[in-house]
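Worksheet for the structure shown next.
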Amino acid sequence: MRPEEFNLRPIEERDLDLVLSWRNSERVRSSMYTDHLIAPEEHRAWFARTRDAEFPATLIFEYQGRPVGLKSFNQIDRHSNRCHWGFYLGDVELPRGCGTVMGFLAQEYIFEKQGFRKLCAEAFAFNEGSIKYHTRLGFAQEGRLVQHVLKNGRYEDVIVFGAFKENWLANKEALAAKIFREDAA
């Protein structure tokens with residue numbers, strides 16, 4: 001994989017149908033707090049709210065010029081200089097490691113371009129892939145919210161993560177070397 005094959009850009013109206021199909025897929029919904037099928041009207045209302053953000057906070061992740069995922073930033077707190085993120089890959093036909101690239105680019109965006117100090121994340125305790133993903137990207141586990149979210153008739157634990165700008169800057173080069181090494185293609 002080469003860095004120039006990837007891009008993050010603000011979501012546009014032309015992306016809405018594709019993003020809705022991703023979000024409503026069982027694969028994506030099963031890992032979300034809100035897992036109902038989203039109606040087109042609800043989706044359009046969400047998009048209208050994203051346009052009101054103080055900066056482009058919902059981004060489309062592209063691989064070789066085509067949209068393949070979404071990264072969003074929410075719970076934006078400029079006073080404490082932190083925010084949360086959410087994400088998913090919509091396309092399932094991608095080379096291994098594309099999700100890590102998306103996370104790398106998103107941290108670069110939020111820490112270096114938007115100037116945030118802390119990035120927060122949450123994952124269901126049963127979602128081992130997401131837990132490994134955050135660890136690989138340099139997040140530290142900060143806690144566990146016990147029986148925090150009702151999902152499929154059962155209360156699920158949530159793992160809380162945090163990443164800091166100073167750690168990102170100190171480890172960015174090493175992470176880039178791992179992600180974009182020659183033999184990873």
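Residues in the structure tokens are named by chain (A, B, ... in the order shown) and by number from 1 within that chain; ligands are numbered from 1 in the order shown.
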All residues 6 Å or closer to region 155-160 of chain A, only C-alpha atoms, same chain fewer than 2 positions away omitted, as an mmCIF file with N, CA and C atoms, in the first residue's frame:
```
data_model
loop_
_atom_site.group_PDB
_atom_site.id
_atom_site.type_symbol
_atom_site.label_atom_id
_atom_site.label_comp_id
_atom_site.auth_asym_id
_atom_site.auth_seq_id
_atom_site.Cartn_x
_atom_site.Cartn_y
_atom_site.Cartn_z
ATOM 1 N N ALA A 121 -12.522 7.325 22.107
ATOM 2 C CA ALA A 121 -13.197 6.283 21.336
ATOM 3 C C ALA A 121 -13.836 5.294 22.290
ATOM 4 N N GLU A 122 -14.823 4.578 21.776
ATOM 5 C CA GLU A 122 -15.489 3.532 22.533
ATOM 6 C C GLU A 122 -15.701 2.337 21.633
ATOM 7 N N ALA A 123 -15.674 1.148 22.235
ATOM 8 C CA ALA A 123 -15.940 -0.087 21.491
ATOM 9 C C ALA A 123 -16.655 -1.060 22.421
ATOM 10 N N PHE A 124 -17.599 -1.797 21.870
ATOM 11 C CA PHE A 124 -18.215 -2.856 22.663
ATOM 12 C C PHE A 124 -17.129 -3.841 23.092
ATOM 13 N N ALA A 125 -17.227 -4.357 24.315
ATOM 14 C CA ALA A 125 -16.232 -5.304 24.819
ATOM 15 C C ALA A 125 -16.191 -6.574 23.970
ATOM 16 N N GLN A 141 -6.347 2.097 26.669
ATOM 17 C CA GLN A 141 -7.630 1.805 27.301
ATOM 18 C C GLN A 141 -7.710 2.610 28.588
ATOM 19 N N GLU A 142 -8.786 3.397 28.722
ATOM 20 C CA GLU A 142 -8.942 4.258 29.893
ATOM 21 C C GLU A 142 -9.991 3.742 30.870
ATOM 22 N N GLY A 143 -10.798 2.797 30.445
ATOM 23 C CA GLY A 143 -11.816 2.305 31.357
ATOM 24 C C GLY A 143 -12.772 1.341 30.690
ATOM 25 N N ARG A 144 -13.699 0.882 31.494
ATOM 26 C CA ARG A 144 -14.733 -0.048 31.036
ATOM 27 C C ARG A 144 -16.048 0.416 31.642
ATOM 28 N N LEU A 145 -17.026 0.654 30.799
ATOM 29 C CA LEU A 145 -18.364 1.019 31.247
ATOM 30 C C LEU A 145 -19.176 -0.278 31.300
ATOM 31 N N VAL A 146 -19.476 -0.725 32.498
ATOM 32 C CA VAL A 146 -20.100 -2.025 32.701
ATOM 33 C C VAL A 146 -21.605 -1.946 32.420
ATOM 34 N N GLN A 147 -22.088 -2.929 31.650
ATOM 35 C CA GLN A 147 -23.503 -3.024 31.275
ATOM 36 C C GLN A 147 -24.044 -1.654 30.846
ATOM 37 N N HIS A 148 -23.376 -1.066 29.907
ATOM 38 C CA HIS A 148 -23.595 0.334 29.532
ATOM 39 C C HIS A 148 -24.643 0.537 28.440
ATOM 40 N N VAL A 149 -24.736 -0.395 27.496
ATOM 41 C CA VAL A 149 -25.638 -0.215 26.357
ATOM 42 C C VAL A 149 -26.510 -1.459 26.196
ATOM 43 N N LEU A 150 -27.824 -1.239 26.066
ATOM 44 C CA LEU A 150 -28.744 -2.335 25.799
ATOM 45 C C LEU A 150 -28.693 -2.665 24.319
#
```
Report as CSV: every residue of region 64-132 of chain A with an atom at most 10 Å from region 9-15 of chain A, its closest pair of atoms, and their distance in Å to one decimal, counting only C-alpha atoms, with rows sorted by chain and ascending residue number.
```
residue,atom,partner,partner_atom,distance
A:Pro67,CA,A:Asp15,CA,8.2
A:Leu70,CA,A:Ile11,CA,8.4
A:Lys71,CA,A:Ile11,CA,9.5
A:Ser72,CA,A:Ile11,CA,9.6
```
### Nearest candidate to Arg29 (chain A) (options A:Phe180, A:His79, A:Lys151, A:Thr100; using only C-alpha atoms)
A:Lys151
### Task
From region 36-158 of chain A, collect each residue whose DSSP state is strand (DSSP E) and return the set as a count of residues only.
50
### Query
Gln64 (chain A): which residues within 12 Å, counting only C-alpha atoms, same-chain residues fewer than 6 positions away excluded, as a ChimeraX atom specification?
/A:1-8,94-95,98
### Message
When you count only C-alpha atoms, which of these residues is closest to Phe47 (chain A): A:Ala170, A:Val19, A:Cys120, A:Cys83?
### Response
A:Val19
### Message
What's around Asp17 (chain A) at 10 Å? Count only C-alpha atoms, leave out sequence neighbours fewer than 4 positions away in its own chain, and write the answer as an NGL selection string.
### Response
:A and (13 or 21-23 or 40 or 43-44)
#### Entry: helix (DSSP H, G or I) per DSSP on the backbone: members of chain A, as a ChimeraX atom specification
/A:3-5,13-23,26-29,40-51,98-113,128-136,165-179,182-184
### Task
Would you mind listing what lies within 9 Å of region 25-27 of chain A as an MDAnalysis selection string, with only C-alpha atoms counted and same-chain residues fewer than 6 positions away left out?
chainID A and resid 35 37 90
### Query
Between A:Trp168, A:Arg51, A:Glu41, A:Glu128, which one has atoms that come closest to Ala106 (chain A), using only C-alpha atoms?
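Answer, going by the shortest atom-to-atom distance: A:Trp168.
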### Query
What is the distance between CA of Arg78 (chain A) and CA of Gln107 (chain A), in Å to one decimal?
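Calculated distance between CA of Arg78 (chain A) and CA of Gln107 (chain A) is 16.5 Å.
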### Message
I'd like to know which of A:Ile131, A:Val101, A:Ala163, A:Ala53 is closest to Ala176 (chain A), using only C-alpha atoms.
### Response
A:Val101
